[in-house]
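One file, data-v3.tsv, is given below (TSV, C-alpha atoms and all ligand atoms).
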chain	number	residue	atom	x	y	z
A	27	MET	CA	109.19	114.74	85.92
A	28	SER	CA	111.33	111.83	84.70
A	29	LYS	CA	111.44	108.48	86.48
A	30	ARG	CA	115.06	109.12	87.39
A	31	GLU	CA	114.16	112.45	89.03
A	32	VAL	CA	111.36	110.85	91.03
A	33	LEU	CA	113.69	108.08	92.23
A	34	ALA	CA	116.20	110.74	93.35
A	35	ARG	CA	113.42	112.55	95.24
A	36	LEU	CA	112.40	109.32	96.99
A	37	ARG	CA	116.02	108.64	97.97
A	38	ASP	CA	116.60	112.21	99.18
A	39	ALA	CA	113.35	112.28	101.17
A	40	ILE	CA	114.52	109.22	103.16
A	41	VAL	CA	118.00	110.70	103.70
A	42	ASN	CA	116.48	114.03	104.81
A	43	LEU	CA	113.90	112.26	107.05
A	44	ASP	CA	111.18	114.18	105.16
A	45	ILE	CA	107.82	112.47	105.76
A	46	ASP	CA	105.71	114.84	103.61
A	47	GLY	CA	108.36	114.73	100.91
A	48	VAL	CA	108.44	110.92	100.78
A	49	LYS	CA	104.64	110.64	100.56
A	50	ASN	CA	104.52	113.18	97.72
A	51	ALA	CA	107.41	111.48	95.92
A	52	ALA	CA	105.73	108.07	96.33
A	53	ARG	CA	102.52	109.44	94.74
A	54	GLU	CA	104.60	110.97	91.92
A	55	ALA	CA	106.34	107.62	91.43
A	56	LEU	CA	103.00	105.92	90.80
A	57	GLU	CA	101.88	108.76	88.47
A	58	THR	CA	105.14	108.51	86.49
A	59	GLY	CA	104.53	104.79	85.94
A	60	LEU	CA	107.19	103.40	88.28
A	61	THR	CA	106.15	100.13	89.94
A	62	PRO	CA	105.98	100.16	93.76
A	63	TYR	CA	108.86	97.67	93.68
A	64	GLU	CA	111.05	100.08	91.67
A	65	ALA	CA	110.08	102.97	93.94
A	66	ILE	CA	111.08	100.96	97.02
A	67	MET	CA	114.24	99.27	95.79
A	68	GLU	CA	115.65	101.95	93.46
A	69	GLY	CA	114.38	104.93	95.43
A	70	MET	CA	113.70	104.58	99.14
A	71	ALA	CA	116.07	101.66	99.75
A	72	LYS	CA	118.93	103.66	98.19
A	73	GLY	CA	118.10	106.39	100.69
A	74	MET	CA	118.19	103.83	103.52
A	75	GLU	CA	121.65	102.74	102.35
A	76	VAL	CA	122.82	106.36	102.65
A	77	VAL	CA	121.20	106.63	106.11
A	78	GLY	CA	123.05	103.45	107.15
A	79	GLN	CA	126.34	104.86	105.87
A	80	LYS	CA	125.77	108.14	107.71
A	81	TYR	CA	125.00	106.18	110.89
A	82	GLU	CA	128.16	104.12	110.54
A	83	ALA	CA	130.16	107.32	109.89
A	84	GLY	CA	128.77	108.90	113.08
A	85	GLU	CA	126.91	111.62	111.14
A	86	TYR	CA	123.50	110.17	112.01
A	87	PHE	CA	122.49	108.71	115.37
A	88	LEU	CA	119.74	106.41	116.61
A	89	ALA	CA	117.16	109.21	116.52
A	90	GLU	CA	117.77	109.65	112.79
A	91	LEU	CA	117.66	105.87	112.27
A	92	ILE	CA	114.26	105.73	113.96
A	93	MET	CA	113.01	108.74	111.97
A	94	ALA	CA	114.28	107.16	108.76
A	95	GLY	CA	112.29	104.05	109.69
A	96	GLU	CA	109.17	106.15	110.22
A	97	THR	CA	109.76	108.02	106.94
A	98	MET	CA	110.15	104.71	105.12
A	99	LYS	CA	106.92	103.40	106.68
A	100	GLU	CA	105.02	106.49	105.46
A	101	GLY	CA	106.37	106.01	101.94
A	102	LEU	CA	105.48	102.31	102.04
A	103	SER	CA	101.94	103.15	103.19
A	104	VAL	CA	101.39	105.05	99.92
A	105	LEU	CA	102.91	102.29	97.75
A	106	GLU	CA	101.68	99.12	99.48
A	107	PRO	CA	98.02	99.34	98.32
A	108	HIS	CA	99.34	99.39	94.72
A	109	MET	CA	101.48	96.28	95.08
A	110	LYS	CA	100.33	93.22	93.23
A	111	ALA	CA	101.08	89.81	94.69
A	112	GLY	CA	104.24	88.57	93.01
A	113	ASP	CA	105.31	92.13	92.08
A	114	MET	CA	108.04	92.19	94.67
A	115	LYS	CA	110.81	89.70	94.05
A	116	HIS	CA	111.86	88.80	97.56
A	117	ILE	CA	115.45	87.85	98.28
A	118	GLY	CA	114.49	85.78	101.33
A	119	ARG	CA	111.93	85.32	104.10
A	120	VAL	CA	112.50	86.33	107.70
A	121	VAL	CA	110.46	85.53	110.80
A	122	ILE	CA	111.20	88.15	113.45
A	123	GLY	CA	110.01	88.98	116.95
A	124	THR	CA	110.95	90.42	120.33
A	125	VAL	CA	111.31	87.49	122.71
A	126	GLU	CA	108.97	86.44	125.51
A	127	GLY	CA	108.59	88.86	128.42
A	128	ASP	CA	109.99	91.80	126.43
A	129	LEU	CA	107.85	94.65	125.12
A	130	HIS	CA	110.60	96.79	123.53
A	131	ASP	CA	109.99	96.98	119.80
A	132	ILE	CA	111.53	100.20	118.49
A	133	GLY	CA	114.84	98.55	117.55
A	134	LYS	CA	113.09	95.49	116.10
A	135	ASN	CA	110.92	97.77	113.99
A	136	VAL	CA	114.00	99.50	112.58
A	137	VAL	CA	115.35	96.04	111.65
A	138	VAL	CA	111.98	95.15	110.03
A	139	THR	CA	111.97	98.34	107.98
A	140	LEU	CA	115.54	97.87	106.76
A	141	LEU	CA	114.90	94.20	105.94
A	142	THR	CA	111.75	95.13	103.99
A	143	ALA	CA	113.61	97.89	102.15
A	144	SER	CA	116.34	95.38	101.25
A	145	GLY	CA	113.81	93.09	99.59
A	146	PHE	CA	113.08	90.55	102.32
A	147	GLU	CA	109.61	89.25	103.00
A	148	VAL	CA	109.22	89.84	106.73
A	149	ILE	CA	106.81	88.04	109.03
A	150	ASP	CA	106.75	90.20	112.15
A	151	LEU	CA	105.45	88.27	115.17
A	152	GLY	CA	105.51	91.41	117.32
A	153	VAL	CA	106.59	91.54	120.97
A	154	ASP	CA	106.51	89.05	123.86
A	155	VAL	CA	106.86	86.12	121.45
A	156	SER	CA	107.19	82.72	123.09
A	157	ALA	CA	109.48	79.92	121.88
A	158	GLU	CA	106.37	77.96	120.84
A	159	LYS	CA	105.17	80.85	118.66
A	160	PHE	CA	108.58	81.06	116.94
A	161	VAL	CA	108.49	77.31	116.24
A	162	GLU	CA	104.90	77.48	114.92
A	163	ALA	CA	105.85	80.38	112.64
A	164	VAL	CA	108.88	78.50	111.29
A	165	LYS	CA	106.67	75.49	110.49
A	166	GLN	CA	103.97	77.68	108.93
A	167	TYR	CA	106.10	80.12	106.90
A	168	ASN	CA	109.25	78.09	106.19
A	169	PRO	CA	111.57	81.14	106.53
A	170	ASP	CA	115.25	81.35	105.60
A	171	ILE	CA	116.05	83.35	108.73
A	172	VAL	CA	114.77	83.61	112.31
A	173	ALA	CA	115.58	87.01	113.84
A	174	MET	CA	115.18	87.79	117.53
A	175	SER	CA	115.43	91.00	119.52
A	176	ALA	CA	115.76	91.50	123.31
A	177	LEU	CA	116.38	94.66	125.34
A	178	LEU	CA	116.37	93.28	128.86
A	179	THR	CA	119.03	91.17	130.56
A	180	THR	CA	116.13	89.21	132.06
A	181	THR	CA	114.64	88.34	128.66
A	182	MET	CA	117.71	87.72	126.51
A	183	VAL	CA	117.91	84.27	128.09
A	184	ASN	CA	114.65	83.48	126.28
A	185	MET	CA	116.55	83.58	122.98
A	186	ALA	CA	118.35	80.41	124.06
A	187	LYS	CA	114.95	78.81	124.74
A	188	VAL	CA	113.82	79.62	121.20
A	189	ILE	CA	116.94	78.03	119.69
A	190	LYS	CA	116.47	74.94	121.88
A	191	ALA	CA	112.80	74.71	120.87
A	192	LEU	CA	113.77	74.97	117.18
A	193	GLU	CA	116.23	72.10	117.72
A	194	GLU	CA	113.63	69.98	119.52
A	195	ALA	CA	111.13	70.59	116.72
A	196	GLY	CA	113.76	69.42	114.18
A	197	VAL	CA	113.76	72.72	112.25
A	198	ARG	CA	116.93	74.41	113.54
A	199	SER	CA	119.05	73.28	110.57
A	200	LYS	CA	116.54	74.75	108.10
A	201	VAL	CA	117.06	78.34	109.26
A	202	LYS	CA	119.81	80.82	110.04
A	203	VAL	CA	119.36	82.49	113.42
A	204	ILE	CA	120.36	86.10	114.09
A	205	VAL	CA	119.99	87.86	117.43
A	206	GLY	CA	120.31	91.49	118.47
A	207	GLY	CA	119.45	94.09	121.07
A	208	ALA	CA	121.31	96.38	123.45
A	209	PRO	CA	122.30	93.89	126.22
A	210	LEU	CA	123.64	91.24	123.82
A	211	THR	CA	127.20	90.48	122.85
A	212	GLU	CA	128.84	88.49	120.10
A	213	GLU	CA	130.02	86.02	122.73
A	214	TYR	CA	126.53	85.53	124.16
A	215	ALA	CA	125.14	84.91	120.67
A	216	ARG	CA	127.77	82.25	120.05
A	217	GLN	CA	127.18	80.69	123.47
A	218	ILE	CA	123.44	80.18	122.84
A	219	GLY	CA	124.04	78.73	119.36
A	220	ALA	CA	122.90	81.63	117.17
A	221	ASP	CA	124.50	81.94	113.72
A	222	ALA	CA	125.07	85.67	114.06
A	223	TYR	CA	124.79	88.74	116.24
A	224	GLY	CA	123.74	92.12	114.82
A	225	ARG	CA	125.36	94.93	116.82
A	226	ASP	CA	122.84	97.31	115.27
A	227	ALA	CA	120.09	97.15	112.68
A	228	VAL	CA	122.38	98.04	109.79
A	229	GLU	CA	124.88	95.30	110.65
A	230	GLY	CA	122.07	92.80	111.27
A	231	VAL	CA	120.48	93.45	107.88
A	232	ASN	CA	123.87	93.35	106.12
A	233	ILE	CA	124.43	89.87	107.60
A	234	CYS	CA	120.98	88.74	106.36
A	235	LYS	CA	121.76	90.15	102.89
A	236	LYS	CA	125.04	88.20	102.81
A	237	TRP	CA	123.18	84.99	103.70
A	238	ALA	CA	120.58	85.68	100.98
A	239	SER	CA	123.26	86.20	98.33
A	240	LYS	CA	124.75	82.79	99.17
A	241	LYS	CA	121.42	80.93	98.87
B	1	LIG	CO1	112.83	99.97	128.79
B	1	LIG	N1	114.55	99.41	129.54
B	1	LIG	N2	111.92	99.01	130.23
B	1	LIG	N3	111.22	100.71	128.04
B	1	LIG	N4	113.92	101.06	127.76
B	1	LIG	C1	115.72	99.78	128.76
B	1	LIG	C2	116.09	98.69	127.78
B	1	LIG	C3	116.81	99.95	129.94
B	1	LIG	C4	118.26	99.72	129.48
B	1	LIG	C5	116.63	101.34	130.58
B	1	LIG	C6	117.59	101.55	131.73
B	1	LIG	O1	117.34	101.10	132.82
B	1	LIG	N5	118.68	102.23	131.50
B	1	LIG	C7	116.31	98.89	130.99
B	1	LIG	C8	116.88	97.48	130.83
B	1	LIG	C9	117.90	97.13	131.86
B	1	LIG	C10	118.42	95.78	131.59
B	1	LIG	O2	117.75	94.80	131.54
B	1	LIG	N6	119.72	95.71	131.43
B	1	LIG	C11	114.81	98.94	130.75
B	1	LIG	C12	113.85	98.52	131.70
B	1	LIG	C13	114.38	98.12	133.04
B	1	LIG	C14	112.47	98.52	131.41
B	1	LIG	C15	111.33	98.08	132.34
B	1	LIG	C16	111.60	96.83	133.17
B	1	LIG	C17	111.03	99.30	133.22
B	1	LIG	C18	109.99	99.04	134.28
B	1	LIG	O3	108.85	98.81	133.96
B	1	LIG	N7	110.46	99.06	135.49
B	1	LIG	C19	110.18	97.88	131.35
B	1	LIG	C20	110.11	96.44	130.83
B	1	LIG	C21	108.92	96.21	129.96
B	1	LIG	C22	109.02	94.89	129.24
B	1	LIG	O4	109.61	94.84	128.19
B	1	LIG	N8	108.51	93.84	129.84
B	1	LIG	C23	110.55	98.82	130.26
B	1	LIG	C24	109.63	99.48	129.42
B	1	LIG	C25	109.95	100.38	128.42
B	1	LIG	C26	108.93	101.20	127.63
B	1	LIG	C27	107.66	100.40	127.32
B	1	LIG	C28	108.58	102.42	128.41
B	1	LIG	C29	109.76	101.64	126.41
B	1	LIG	C30	109.65	100.68	125.21
B	1	LIG	C31	108.72	101.18	124.11
B	1	LIG	C32	108.79	100.34	122.89
B	1	LIG	O5	109.76	99.68	122.58
B	1	LIG	N9	107.70	100.36	122.15
B	1	LIG	C33	111.17	101.54	126.94
B	1	LIG	C34	112.27	102.20	126.36
B	1	LIG	C35	111.96	103.18	125.27
B	1	LIG	C36	113.60	101.95	126.79
B	1	LIG	C37	114.88	102.67	126.35
B	1	LIG	C38	114.87	104.04	127.01
B	1	LIG	C39	115.10	102.82	124.87
B	1	LIG	C40	115.02	101.52	124.06
B	1	LIG	C41	114.94	101.84	122.58
B	1	LIG	O6	113.88	101.80	121.97
B	1	LIG	N10	116.08	102.23	121.97
B	1	LIG	C42	115.99	101.71	126.96
B	1	LIG	C43	117.25	102.44	127.38
B	1	LIG	C44	118.21	102.54	126.22
B	1	LIG	O7	118.36	101.61	125.44
B	1	LIG	N11	118.84	103.67	126.13
B	1	LIG	C45	115.24	100.91	127.94
B	1	LIG	C46	116.15	102.65	120.58
B	1	LIG	C47	116.27	101.41	119.68
B	1	LIG	C48	116.37	101.84	118.21
B	1	LIG	O8	117.45	100.75	120.04
B	1	LIG	O9	116.19	98.72	120.81
B	1	LIG	O10	118.69	98.95	121.23
B	1	LIG	P1	117.52	99.20	120.40
B	1	LIG	O11	117.79	98.53	118.98
B	1	LIG	C49	118.98	98.77	118.26
B	1	LIG	C50	120.03	97.68	118.51
B	1	LIG	O12	119.97	97.12	119.78
B	1	LIG	C51	119.79	96.72	117.41
B	1	LIG	O13	119.37	97.54	116.33
B	1	LIG	C52	118.61	98.63	116.82
B	1	LIG	C53	118.91	99.84	115.99
B	1	LIG	O14	120.21	99.88	115.53
B	1	LIG	N12	118.86	95.63	117.49
B	1	LIG	C54	119.02	94.56	116.66
B	1	LIG	C55	117.77	95.45	118.21
B	1	LIG	N13	117.19	94.29	117.91
B	1	LIG	C56	117.95	93.72	116.95
B	1	LIG	C57	117.81	92.51	116.28
B	1	LIG	C58	118.77	92.18	115.32
B	1	LIG	C59	119.83	93.03	115.06
B	1	LIG	C60	119.96	94.23	115.71
B	1	LIG	O15	118.74	91.06	114.63
B	1	LIG	C61	117.68	90.19	114.83

Now that the file is in, can you turn its structure into C-alpha cells?
Ligand code: B1M
Amino acid sequence: MSKREVLARLRDAIVNLDIDGVKNAAREALETGLTPYEAIMEGMAKGMEVVGQKYEAGEYFLAELIMAGETMKEGLSVLEPHMKAGDMKHIGRVVIGTVEGDLHDIGKNVVVTLLTASGFEVIDLGVDVSAEKFVEAVKQYNPDIVAMSALLTTTMVNMAKVIKALEEAGVRSKVKVIVGGAPLTEEYARQIGADAYGRDAVEGVNICKKWASKK
C-alpha cells in the first residue's frame, strides 16, 4: 500500500470513529516507512479537521467528538512508542488543567487530543488543579498558552484565582490564557482577564492555532 493510501486510511478511520481501523492503519503507516509525525499530522489530524467541520455543521455531536478523541488516543498509542525526541516539530506549548475543586475532565481531554493532533506540546496537569500548581507549571515549562477548563458554576471562579496568581508571580504577560467549559461565557472570560474563551474544543484549539501562527 502506498504512503498516500495509508494516510487516507488513517484520516478515514478518525472520521468514521473506527478504533480497530485506526490501530491497523497506524501499524501500516510504520511498516510503509511513514514517520509517526507524518502519520499524526498528515493522517489522523486531517481526520480530526473533518470531525471538527462535521461538528460545526451539526452532522456530528458531542458523542462523536468524544469518540473521535478516543479513536485518536488509540492511534497515538500505537505511534507514540516509535516517536524520537525532536521528531515532532511542535507549534507551541500548552499547560492545561481542570481548575481546583472540579473533577470533570472529558471536555478537557477532547481539547488535549485536538491540541496534540494540531502539533502542540501539551502538559496536562489533570483535574482539581490549584492556582499554585498552574503557576509552578508555568515557571517549570515556560508555555506559550495556559488553558483552563471548568464545568461547575462553583469552580469557574477559581479560573480568576489562577489568573491573579499568574499576575502576582510576574508571569501573566508571558502567556496567553484561554478558558472554556459549559458554564462559561465570553463575557465572564473577559471579566476575569482571560485572553480568550473557547465555546467548544474546536473553537478553543482554532484560537490556539491562530496564536501559534502569529508567534
Ligand atoms: Co457533573 N455536573 N457533577 N459529573 N456532569 C454537570 C457539569 C452538571 C451541569 C449536571 C447537571 O446538574 N445538569 C452539574 C453542574 C451544575 C453547575 O454547576 N451549573 C454537575 C454537577 C452538579 C456535578 C456534581 C456536583 C454532582 C454531585 O456530586 N452532586 C459532581 C461534582 C464533582 C466535582 O467535579 N467536584 C459531578 C460529578 C460528575 C461525574 C464525576 C459523575 C462526571 C464527570 C466524569 C469526568 O469528567 N471524568 C460528571 C458528568 C459526566 C457531568 C455531565 C453529565 C457531562 C459533562 C461532560 O463530560 N460533557 C454534566 C452535564 C452536561 O454537561 N450535560 C455534568 C461532555 C464534554 C465533552 O463536554 O465538558 O462541556 P464539556 O466540554 C466541552 C466544552 O465545554 C468545551 O469543549 C468541550 C468539547 O467541545 N470545553 C473547553 C471544555 N473545556 C474547555 C477548555 C477550553 C475550550 C473549550 O479551552 C481551555

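Pairwise distance (CA of Leu36 (chain A), CA of Ala65 (chain A)) equals 7.4 Å.
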
For this session: Please check which protein, DNA or RNA residues sit within 7 Å of ligand LIG 1 (chain B), counting only C-alpha atoms and all ligand atoms, and write them as number ranges by chain.
Result: A: 88, 92, 122, 127-134, 136-137, 173-180, 204-209, 223-228, 230

Output the selection as a compact mmCIF listing (two decimals), keeping the file's coordinate frame - C-alpha atoms for each residue.
# COMPACT_ATOMS: atom_id res chain seq x y z
CA LEU A 88 119.74 106.41 116.61
CA ILE A 92 114.26 105.73 113.96
CA ILE A 122 111.20 88.15 113.45
CA GLY A 127 108.59 88.86 128.42
CA ASP A 128 109.99 91.80 126.43
CA LEU A 129 107.85 94.65 125.12
CA HIS A 130 110.60 96.79 123.53
CA ASP A 131 109.99 96.98 119.80
CA ILE A 132 111.53 100.20 118.49
CA GLY A 133 114.84 98.55 117.55
CA LYS A 134 113.09 95.49 116.10
CA VAL A 136 114.00 99.50 112.58
CA VAL A 137 115.35 96.04 111.65
CA ALA A 173 115.58 87.01 113.84
CA MET A 174 115.18 87.79 117.53
CA SER A 175 115.43 91.00 119.52
CA ALA A 176 115.76 91.50 123.31
CA LEU A 177 116.38 94.66 125.34
CA LEU A 178 116.37 93.28 128.86
CA THR A 179 119.03 91.17 130.56
CA THR A 180 116.13 89.21 132.06
CA ILE A 204 120.36 86.10 114.09
CA VAL A 205 119.99 87.86 117.43
CA GLY A 206 120.31 91.49 118.47
CA GLY A 207 119.45 94.09 121.07
CA ALA A 208 121.31 96.38 123.45
CA PRO A 209 122.30 93.89 126.22
CA TYR A 223 124.79 88.74 116.24
CA GLY A 224 123.74 92.12 114.82
CA ARG A 225 125.36 94.93 116.82
CA ASP A 226 122.84 97.31 115.27
CA ALA A 227 120.09 97.15 112.68
CA VAL A 228 122.38 98.04 109.79
CA GLY A 230 122.07 92.80 111.27

For this session: Would you work out the distance separating CA of Val77 (chain A) from CA of Asp38 (chain A), expressed in Å to one decimal?
Result: 10.0 Å

Exercise. When distances are computed from all atoms listed in the file, which of A:Val201, A:Leu33, A:Ala191, A:Val138 shows the smallest separation from Ala157 (chain A)?
Worked result: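 Of A:Val201, A:Leu33, A:Ala191, A:Val138, the one nearest Ala157 (chain A), counting all atoms listed in the file, is A:Ala191.
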
For this session: Find the residue from A:Thr97, A:Asn168, A:Ser156, A:Thr124 that sits nearest to Asp44 (chain A); use all atoms listed in the file when measuring.
Result: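 Ranked by minimum distance to Asp44 (chain A), first place goes to A:Thr97.
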
Problem set entry | Interatomic distance (Å, one decimal) between CA of Met67 (chain A) and CA of Glu90 (chain A) |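 Those two atoms sit 20.2 Å apart.
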
Exercise. Any idea what's packed within 12 Å of Val188 (chain A), counting all atoms listed in the file, ignoring anything in its chain fewer than 3 positions away? Could you give it as JSON, numbers by chain?
Worked result: {"A": [122, 123, 124, 125, 126, 155, 156, 157, 158, 159, 160, 161, 162, 163, 164, 172, 173, 174, 175, 181, 182, 183, 184, 185, 191, 192, 193, 194, 195, 197, 198, 203, 204, 205, 218, 219, 220]}

Problem set entry | Nearest candidate to Leu140 (chain A) (options A:Glu212, A:Glu57, A:Asp170, A:Glu229; using all atoms listed in the file) |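 Going through A:Glu212, A:Glu57, A:Asp170, A:Glu229 one by one, the smallest distance to Leu140 (chain A) is for A:Glu229.
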
Exercise. Nearest to Ala222 (chain A) among A:Ala143, A:Met98, A:Cys234, A:Leu56, with distances taken over only C-alpha atoms: which residue is it?
Worked result: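 Counting only C-alpha atoms, the residue closest to Ala222 (chain A) is A:Cys234.
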
Kindly compute an axis-aligned box around the listed atoms of region 91-95 of chain A, allowing 6 Å on each side, and express its centre and edge lengths in Å to one decimal as JSON.
{"center_x": 115.0, "center_y": 106.4, "center_z": 111.4, "size_x": 17.4, "size_y": 16.7, "size_z": 17.2}
